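Source file: final37.txt; contents: compact mmCIF, N, CA and C atoms and all ligand atoms.
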# COMPACT_ATOMS: atom_id res chain seq x y z
N MET A 1388 29.39 8.64 -105.94
CA MET A 1388 28.36 9.46 -106.60
C MET A 1388 26.98 9.20 -106.00
N LEU A 1389 26.66 7.95 -105.82
CA LEU A 1389 25.34 7.62 -105.28
C LEU A 1389 25.18 8.16 -103.87
N LEU A 1390 26.24 8.07 -103.09
CA LEU A 1390 26.17 8.57 -101.72
C LEU A 1390 25.89 10.07 -101.71
N ILE A 1391 26.53 10.78 -102.58
CA ILE A 1391 26.32 12.23 -102.65
C ILE A 1391 24.87 12.54 -102.99
N GLN A 1392 24.33 11.83 -103.95
CA GLN A 1392 22.94 12.09 -104.34
C GLN A 1392 21.98 11.78 -103.20
N GLN A 1393 22.28 10.74 -102.46
CA GLN A 1393 21.40 10.39 -101.34
C GLN A 1393 21.43 11.48 -100.28
N LYS A 1394 22.63 11.99 -100.00
CA LYS A 1394 22.74 13.05 -99.00
C LYS A 1394 21.96 14.29 -99.45
N LEU A 1395 22.09 14.62 -100.71
CA LEU A 1395 21.41 15.80 -101.21
C LEU A 1395 19.90 15.64 -101.10
N SER A 1396 19.40 14.48 -101.45
CA SER A 1396 17.96 14.30 -101.41
C SER A 1396 17.46 14.32 -99.97
N ARG A 1397 18.26 13.80 -99.07
CA ARG A 1397 17.84 13.84 -97.65
C ARG A 1397 17.79 15.28 -97.18
N ARG A 1398 18.79 16.04 -97.57
CA ARG A 1398 18.85 17.42 -97.10
C ARG A 1398 17.65 18.21 -97.62
N SER A 1399 17.34 18.05 -98.89
CA SER A 1399 16.21 18.80 -99.43
C SER A 1399 14.90 18.33 -98.77
N GLY A 1400 14.86 17.08 -98.38
CA GLY A 1400 13.67 16.58 -97.71
C GLY A 1400 13.47 17.26 -96.37
N ARG A 1401 14.56 17.50 -95.68
CA ARG A 1401 14.45 18.15 -94.37
C ARG A 1401 14.03 19.61 -94.51
N GLN A 1402 14.41 20.23 -95.58
CA GLN A 1402 14.07 21.63 -95.76
C GLN A 1402 12.56 21.82 -95.85
N GLN A 1403 11.86 20.82 -96.24
CA GLN A 1403 10.41 20.95 -96.40
C GLN A 1403 9.70 20.89 -95.05
N LYS A 1404 10.46 20.59 -94.01
CA LYS A 1404 9.86 20.41 -92.70
C LYS A 1404 9.24 21.71 -92.17
N GLY A 1405 9.88 22.84 -92.48
CA GLY A 1405 9.50 24.11 -91.89
C GLY A 1405 8.08 24.53 -92.15
N GLY A 1406 7.57 24.30 -93.31
CA GLY A 1406 6.21 24.74 -93.58
C GLY A 1406 5.70 24.10 -94.85
N GLU A 1407 4.46 24.38 -95.16
CA GLU A 1407 3.89 23.80 -96.37
C GLU A 1407 4.10 24.74 -97.53
N ARG A 1408 5.34 24.86 -97.91
CA ARG A 1408 5.64 25.78 -98.99
C ARG A 1408 5.57 25.04 -100.32
N MET A 1409 4.57 25.38 -101.08
CA MET A 1409 4.43 24.74 -102.38
C MET A 1409 5.21 25.53 -103.42
N ALA A 1410 5.88 24.83 -104.27
CA ALA A 1410 6.58 25.50 -105.35
C ALA A 1410 5.70 25.48 -106.60
N VAL A 1411 5.89 26.47 -107.43
CA VAL A 1411 5.15 26.52 -108.68
C VAL A 1411 6.11 26.28 -109.83
N TRP A 1412 5.80 25.32 -110.63
CA TRP A 1412 6.65 24.96 -111.76
C TRP A 1412 5.92 25.28 -113.05
N LYS A 1413 6.61 25.93 -113.94
CA LYS A 1413 6.00 26.29 -115.21
C LYS A 1413 6.69 25.57 -116.35
N CYS A 1414 5.88 24.98 -117.19
CA CYS A 1414 6.41 24.28 -118.36
C CYS A 1414 6.78 25.30 -119.44
N GLN A 1415 7.99 25.19 -119.93
CA GLN A 1415 8.44 26.12 -120.95
C GLN A 1415 7.90 25.75 -122.33
N VAL A 1416 7.35 24.59 -122.44
CA VAL A 1416 6.86 24.14 -123.74
C VAL A 1416 5.41 24.57 -123.95
N CYS A 1417 4.54 24.27 -122.98
CA CYS A 1417 3.12 24.54 -123.17
C CYS A 1417 2.59 25.59 -122.21
N GLY A 1418 3.41 26.00 -121.24
CA GLY A 1418 2.98 27.04 -120.30
C GLY A 1418 2.14 26.50 -119.16
N ASN A 1419 2.04 25.21 -119.06
CA ASN A 1419 1.26 24.61 -117.99
C ASN A 1419 1.89 24.90 -116.63
N ILE A 1420 1.06 25.22 -115.65
CA ILE A 1420 1.54 25.50 -114.30
C ILE A 1420 1.25 24.29 -113.42
N VAL A 1421 2.29 23.85 -112.73
CA VAL A 1421 2.14 22.71 -111.83
C VAL A 1421 2.55 23.14 -110.44
N GLU A 1422 1.67 22.90 -109.46
CA GLU A 1422 2.03 23.17 -108.08
C GLU A 1422 2.43 21.87 -107.42
N ALA A 1423 3.63 21.85 -106.90
CA ALA A 1423 4.12 20.65 -106.24
C ALA A 1423 5.23 21.02 -105.29
N ARG A 1424 5.39 20.22 -104.26
CA ARG A 1424 6.45 20.52 -103.30
C ARG A 1424 7.80 20.18 -103.90
N CYS A 1425 7.86 19.13 -104.69
CA CYS A 1425 9.12 18.80 -105.34
C CYS A 1425 8.91 18.81 -106.85
N LYS A 1426 9.99 18.85 -107.57
CA LYS A 1426 9.92 19.01 -109.01
C LYS A 1426 9.25 17.80 -109.66
N PRO A 1427 8.23 18.04 -110.46
CA PRO A 1427 7.56 16.94 -111.15
C PRO A 1427 8.50 16.27 -112.15
N GLY A 1428 8.29 15.00 -112.38
CA GLY A 1428 9.15 14.27 -113.30
C GLY A 1428 8.97 14.76 -114.72
N LYS A 1429 7.78 15.18 -115.07
CA LYS A 1429 7.53 15.70 -116.40
C LYS A 1429 6.24 16.51 -116.38
N CYS A 1430 6.04 17.27 -117.45
CA CYS A 1430 4.83 18.06 -117.55
C CYS A 1430 3.63 17.13 -117.73
N LYS A 1431 2.60 17.36 -116.92
CA LYS A 1431 1.41 16.51 -117.00
C LYS A 1431 0.59 16.83 -118.23
N SER A 1432 0.77 18.02 -118.75
CA SER A 1432 -0.04 18.45 -119.88
C SER A 1432 0.52 17.96 -121.21
N CYS A 1433 1.81 18.26 -121.44
CA CYS A 1433 2.38 17.92 -122.75
C CYS A 1433 3.43 16.83 -122.65
N GLY A 1434 3.80 16.44 -121.44
CA GLY A 1434 4.75 15.35 -121.28
C GLY A 1434 6.20 15.75 -121.48
N ALA A 1435 6.47 17.06 -121.47
CA ALA A 1435 7.85 17.51 -121.62
C ALA A 1435 8.69 17.06 -120.43
N SER A 1436 9.95 16.81 -120.68
CA SER A 1436 10.80 16.33 -119.60
C SER A 1436 11.01 17.42 -118.55
N LYS A 1437 11.47 17.02 -117.38
CA LYS A 1437 11.51 17.93 -116.23
C LYS A 1437 12.46 19.10 -116.44
N ASP A 1438 13.42 18.98 -117.34
CA ASP A 1438 14.32 20.12 -117.54
C ASP A 1438 13.61 21.26 -118.27
N LYS A 1439 12.40 21.01 -118.74
CA LYS A 1439 11.58 22.08 -119.33
C LYS A 1439 10.74 22.79 -118.28
N LEU A 1440 10.74 22.24 -117.10
CA LEU A 1440 9.97 22.85 -116.02
C LEU A 1440 10.88 23.75 -115.20
N ILE A 1441 10.52 25.00 -115.08
CA ILE A 1441 11.32 25.91 -114.27
C ILE A 1441 10.50 26.40 -113.09
N LYS A 1442 11.20 26.70 -112.02
CA LYS A 1442 10.53 27.11 -110.80
C LYS A 1442 10.15 28.58 -110.91
N GLU A 1443 8.89 28.83 -110.67
CA GLU A 1443 8.41 30.21 -110.68
C GLU A 1443 8.67 30.83 -109.32
N ALA A 1444 8.97 32.11 -109.33
CA ALA A 1444 9.21 32.81 -108.06
C ALA A 1444 7.92 32.96 -107.29
N GLN A 1445 7.96 32.60 -106.04
CA GLN A 1445 6.79 32.72 -105.18
C GLN A 1445 6.89 34.00 -104.38
N PRO A 1446 5.83 34.75 -104.28
CA PRO A 1446 5.84 35.95 -103.45
C PRO A 1446 6.03 35.57 -101.99
N GLN A 1447 6.92 36.26 -101.31
CA GLN A 1447 7.18 35.93 -99.91
C GLN A 1447 6.92 37.13 -99.02
N LYS A 1448 6.44 36.87 -97.83
CA LYS A 1448 6.16 37.95 -96.90
C LYS A 1448 7.37 38.20 -95.99
ZN ZN A 1501 4.07 21.19 -120.91
What is this structure when it is put down as structure tokens?
Amino acid sequence: MLLIQQKLSRRSGRQQKGGERMAVWKCQVCGNIVEARCKPGKCKSCGASKDKLIKEAQPQK
């Protein structure tokens, strides 16, 4: 199990190499918007756990 998680995290790390694509995360509890490349551990505003944070769709060209 640990090996699988390590592989997954490495893979997602490499995907960020292509560009500075920031993701937008929205808190479902308080509506706070967080911009971060990877998913925040919790909402900085209300402290909700990360499963309350959903990725907002980013407009792409
Ligand atoms: Zn929040």
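Of the listed residues (A:Cys1425, A:Lys1437, A:Ser1432, A:Trp1412), A:Ser1432 comes nearest to ligand ZN 1501 (chain A); the distances count all atoms listed in the file.
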Among A:Val1416, A:Ala1423, A:Ala1444, A:Asp1438, ligand ZN 1501 (chain A) is approached most closely, using only C-alpha atoms and all ligand atoms, by A:Val1416
Ligand ZN 1501 (chain A) proximity check over A:Val1421, A:Gly1428, A:Gln1415, A:Lys1442, using all atoms listed in the file: winner is A:Gln1415
| said: For ligand ZN 1501 (chain A), return the neighbouring residues as a PyMOL selection string (distance at most 6.5 Å; all atoms listed in the file). | reply: chain A and resi 1414-1419+1430-1435
Atom C of Lys1429 (chain A) to atom C of Ile1441 (chain A), straight-line distance in Å: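 Separating atom C of Ile1441 (chain A) from atom C of Lys1429 (chain A) is a distance of 11.3 Å.
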Exercise. Quick one: distance from atom N of Arg1408 (chain A) to atom N of Leu1440 (chain A) in Å, one decimal?
Worked result: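 Between atom N of Arg1408 (chain A) and atom N of Leu1440 (chain A) the gap is 20.1 Å.
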- Computed interatomic separation between CA of Val1411 (chain A) and atom C of Leu1390 (chain A) (Å):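 Taking CA of Val1411 (chain A) and atom C of Leu1390 (chain A), their separation equals 27.4 Å.
Residues lying within 9 Å of Glu1422 (chain A), counting only C-alpha atoms and ignoring same-chain neighbours fewer than 2 positions away, are Met1409, Ala1410, Val1411, Trp1412, Lys1413, Ile1420, Arg1424, Cys1425, Lys1426 and Pro1427 of chain A.
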